[in-house]
Structures are given as C-alpha cells and as structure tokens.
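Encoded as structure tokens, the structure appears first; notes follow it.
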Amino acid sequence: MKSITILGATGSIGLNTLDVIKQHQSAYEVIALTAHRQIDRLEALCLEWSPRYAVMADARAAEQLSQRLKKTDSPVQVLSGVEGLTFVASLAEVDFVMAAIVGSAGLLPTLAAAQAGKRVLLANKEALVMSGQLFMEAVRQHGAELLPIDSEHNAVFQCLPWENREWGVGNEALEVNRILLTASGGPFRTLPIEQLHDVTPEQACAHPNWNMGRKISVDSATMMNKGLEVIEAAWLFSVPSEKIEVILHPQSVIHSLVEYIDGSMLAQLGNPDMRTPIAYGLAWPKRISSGVPRLNLIEVAQLDFEALDLNRFPCLKLAYDAWLAGGTATTILNAANEVAVQAFLQKRLRFTAIPKVVETTLSQLSGHHPTSIDIILEDDAHARHLASEWVNRTDN
Ligand code: NAD
Ligand code: MG
C-alpha cells in the first residue's frame, strides 16, 4: 500500500489521478488533497475519499471548508496556505506526491516533496522551469524519485534505457542523438496568422485533442507549453537543448520519441488521455491498468508530421533562448508568461501580445545565478511586476 498526497486535486490532472487510484484502491491510500479555493469541489472530494488532511491555499476558503466539514462530522483536518501545502507534501507517512498545482504556486510544495525524498509525480512543469537546478539537486541529495507525468516526458522516460533514469545524476545520454517532442499544434495550427490577433479565450481553450486546465490550454495554443516542455526535458534528461526538437503531430497519438545514434527511433503511443502517464508514474517500474481505452491503429489509420513555423509560434523560440541564456532567465520567462496568460484569460490582453509581454520582460531584466530559492522568488516577483506594468498599459 502506497500513501499519496495530491497537490491540485480539484484540477484536471488531480481528478484523473483519483480516477486511476479508484481502480486500484487496495494499492493506494489518499492521505491529503489540496486545492486553491474551490470549496465545493474539495468538500465533495473529502466526503468521497476521507483523506487525513485537506489543504486550501486560500485561508478564507480553508476556514469555510473546515466549518462545512465539521457539520458532517468529518474527521478531515483542514490546513491552509503554502505552509499547509508544504506540510502535506513532506509528511513522513506519505510515499508519493502528485505535483499537479498549476503555475508557480506549485514550486514550494513540489520542492518540499523532493527535499523530503518522496516519489514526485511531476505534472507541474513550471516548478522545473523556474528552479530546475535547485530542484534536480534536491532530488539527488534527498534520494527522491522523479516520475514525469507530462505526456511527452513520460513517453521519453519510457523510451530511454534504464541507466539514464538515475534522477539528476547529470549522465548525459551519449547514445541519444535527439529527443523529439511532439506537439499537436493546438487549436490554431491552421488558422490564418492574421486572425490570431482576434482569438478569444474560449477559442484558445478548445484544444482539439486534450481536455486540460485553462492555463495550459492557452500555453498549448501559443506553443509556450512546448517551450516549457523543452526546458523541462533538458532538466529531466540532462540533454542539451540542441538535442531537443519539436515536431508537429496533429493526432497526438505518438507522445514523443527518442532517436539513438544507430538510427533507431523509439516512440510511445497511446490515446491522448493523461491517465496513461499517471498510471505509469504510480506503478513504476511495474504497470497497472489506467482505464484508458485501447488505441485502435486501424481507426487512427494515419499519423501526420509537420515542421513547426516559428512565425506562428514565437513563444517556442523565446523559451529556447531563455534556456540558452541560463540562470533565472527561464524563471523570468515563466513569470511573464503566467501574467500574460492570466490577462488574456481575463480579456485584458490580446492573444498576440502574450509573446510580446514575455519578450519585453526578458529584455528588461538580467537574470541571476539561481543559487537559492530566494533569488528565484525575487526574480519571479520582479518579472511579474514588469509584465503587469506592460499589460496595464493601454496601448497593447
Ligand atoms: P487545472 O487548472 O485543471 O488545476 C490546477 C489545480 O491547481 C487545481 O486543483 C487548483 O485548485 C490548484 N491551484 C491553482 N492555483 C493554485 C494556487 N495559487 N495555490 C494552490 N493551488 C492552486 O490545471 P491542470 O490542467 O490539472 O494542470 C496542472 C499542472 O499539470 C500544470 O502545471 C500543467 O502544466 C500540468 N499538466 C497538465 C496536463 C493536463 O492534461 N491537464 C498535461 C501535462 C501537464
Ligand atoms: Mg505535455
């Protein structure tokens, strides 16, 4: 029996995780569930799963949840804030932590899980983009296990040889020529570029193949998601970014590929359903059923690939450049992107202004060597401030 904390339990990844666990209730025990401020949803999950702890990042929401649960005589202990999140991410009785908070809010609890030597099921790619060096050092120093849940990285993990799976050892995969990350192209792959100016949040969030939270949906539409994933792959697999390529694959059936020096390419295929990588992360090195319908290759019939047009997707280039710049440039990239995406979702910023906010913020700030979490948080705050100023200007 493995005990698990699910950070971000009310989100798309959190709920998919609970769905897989429901199919294997004798193997996994849910110890803690967390959410931002969705009281109704977390209350329903507490009543269904009876965890020992429920954490709401928002203190007022935590208070309300606590009062509601008391009325039902529920023994669930309600905690709040980032202290509550890091507490349940590092509890001695917890074996696995699903890191599925969206954005930078996931950084400290995910890092706490690594520092406590847990198996970290990493969905929260922003944590790695913000603080890859410190995060990988924490994994190594504290004997944590890092299982990528992002479908592309999970695919690469499955295609790499065993000896390259020692977390954070820095053992560059010498036999690997390239890692190919596949990208569906999102909802705007074929939209005439001049129409991108007027797209709405609803259109941006209508992903053709995946049903995800709103932030990652917008990131998929701008392709910043793939940029964050290039950085994520570079950290996870100790591979230089020249060896990481992105190709368009509209069907999202091949989740990524590894090309070896002998010309072999290994790929992982499956229906686009996050329960496959989640089940893999939960059971590794074994496998368990996930509830995902089998992939019918006859029905799929055809797999298409296309080169990527960086004029359509400038965010991808910004991410590669930030990675090459090093230091906290990727922290700055991530922070500016979070501000811009939120403003776009609130209809305060045009879709095409998202890369402009990121580029301007990166050009105005010089990054630092990320020797401590405080330096990372300072640069994150600074970048948010500058990006917000840009967004608040009326002429964007
Ligand atoms: P979501 O928006 O559906 O859920 C986010 C979760 O985080 C919710 O439980 C929410 O309550 C919580 N949260 C939000 N803001 C918070 C805050 N300030 N403090 C504490 N908790 C907060 O997002 P999602 O689609 O499940 O994505 C979660 C993470 O997984 C993201 O980092 C995303 O990039 C990554 N990911 C998602 C998918 C997917 O298919 N959804 C695929 C790959 C990677
Ligand atoms: Mg992905």
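Simple scheme: letters A, B, ... for chains in structure tokens order, numbers from 1 for residues in each chain, numbers from 1 for ligands in the order shown.
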message: If DSSP is run on the backbone, what residues of range 90-216 of chain A are strand (DSSP E or B)? A reply as a PyMOL selection string would be ideal.
response: chain A and resi 96-99+119-122+145-148+176-183
field: Test item: residues no farther than 9 Å from ligand 1, counting only C-alpha atoms and all ligand atoms, as a ChimeraX atom specification
entry: /A:6-16,33-38,42,55-58,81-82,85,99-106,122-127,149-152,210-217,219,225,228,272-274
- request: Fewer than 4 positions away in the same chain doesn't count, so skip those; otherwise give me all residues within 7 Å of range 383-393 of chain A, counting only C-alpha atoms, as a VMD selection string.
  value: chain A and resid 332 335 to 336 339 349 357 361 379
message: What parts of range 305-379 of chain A does DSSP call alpha helix (DSSP H)? I'd like the answer as a PyMOL selection string.
response: chain A and resi 314-325+329-345+354-364+373-379
Point-to-point distance from CA of Ala62 in chain A to CA of Ser80 in chain A, Å rounded to tenths: 5.7 Å
Please report, as a tab-separated table, each residue of range 125-192 of chain A lying at most 6 Å from range 115-118 of chain A, together with the nearest pair of atoms and the separation in Å rounded to one decimal; use only C-alpha atoms, and order rows by chain and ascending residue number.
```
residue	atom	partner	partner_atom	distance
A:Ala138	CA	A:Gln115	CA	5.5
A:His142	CA	A:Gly117	CA	4.9
A:Gly143	CA	A:Gly117	CA	5.2
A:Ala144	CA	A:Gly117	CA	3.9
```
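Between Ile179 in chain A and the candidates A:Leu310, A:Val258, A:Ala267, A:Cys46, the tightest atom-to-atom separation, counting only C-alpha atoms, involves A:Val258.
For the set A:Arg312, A:His153, A:Lys356, A:His197, the residue with the smallest atom-to-atom gap to ligand 2 is A:His153, counting only C-alpha atoms and all ligand atoms.
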message: I want to know what sits within 8 Å of Ile31 in chain A, based on only C-alpha atoms, with residues of the same chain fewer than 4 positions away left out; could you give that as a ChimeraX atom specification?
response: /A:3-5,51-53,94
Mind writing the picked residues with N, CA and C atoms as a PDB file, in the first residue's frame?
```
ATOM      1  N   SER A   3       1.013   5.473   0.181  1.00  0.00           N
ATOM      2  CA  SER A   3       0.185   6.620   0.578  1.00  0.00           C
ATOM      3  C   SER A   3       0.537   7.810  -0.296  1.00  0.00           C
ATOM      4  N   ILE A   4      -0.481   8.590  -0.613  1.00  0.00           N
ATOM      5  CA  ILE A   4      -0.257   9.650  -1.583  1.00  0.00           C
ATOM      6  C   ILE A   4      -0.908  10.969  -1.180  1.00  0.00           C
ATOM      7  N   THR A   5      -0.173  12.050  -1.452  1.00  0.00           N
ATOM      8  CA  THR A   5      -0.715  13.411  -1.361  1.00  0.00           C
ATOM      9  C   THR A   5      -0.955  13.887  -2.781  1.00  0.00           C
ATOM     10  N   PRO A  51      -9.660  11.836   3.240  1.00  0.00           N
ATOM     11  CA  PRO A  51      -8.217  11.936   3.481  1.00  0.00           C
ATOM     12  C   PRO A  51      -7.966  12.383   4.926  1.00  0.00           C
ATOM     13  N   ARG A  52      -6.717  12.288   5.380  1.00  0.00           N
ATOM     14  CA  ARG A  52      -6.421  12.798   6.731  1.00  0.00           C
ATOM     15  C   ARG A  52      -6.379  14.324   6.720  1.00  0.00           C
ATOM     16  N   TYR A  53      -5.894  14.890   5.609  1.00  0.00           N
ATOM     17  CA  TYR A  53      -5.753  16.348   5.516  1.00  0.00           C
ATOM     18  C   TYR A  53      -6.369  16.875   4.220  1.00  0.00           C
ATOM     19  N   VAL A  94       3.776   9.840   4.013  1.00  0.00           N
ATOM     20  CA  VAL A  94       3.438   9.891   2.584  1.00  0.00           C
ATOM     21  C   VAL A  94       4.583   9.329   1.741  1.00  0.00           C
TER      22      VAL A  94
END
```
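Shortest atom-to-atom contact with ligand 2 among A:Thr360, A:Ser220, A:Ser290, A:Gln67: A:Ser220, counting only C-alpha atoms and all ligand atoms.
Shortest atom-to-atom contact with Thr190 in chain A among A:Gln342, A:Lys71, A:Glu306, A:Glu63: A:Glu306, counting only C-alpha atoms.
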field: Computed interatomic separation between CA of Ser252 in chain A and CA of Val218 in chain A (Å)
entry: 17.0 Å
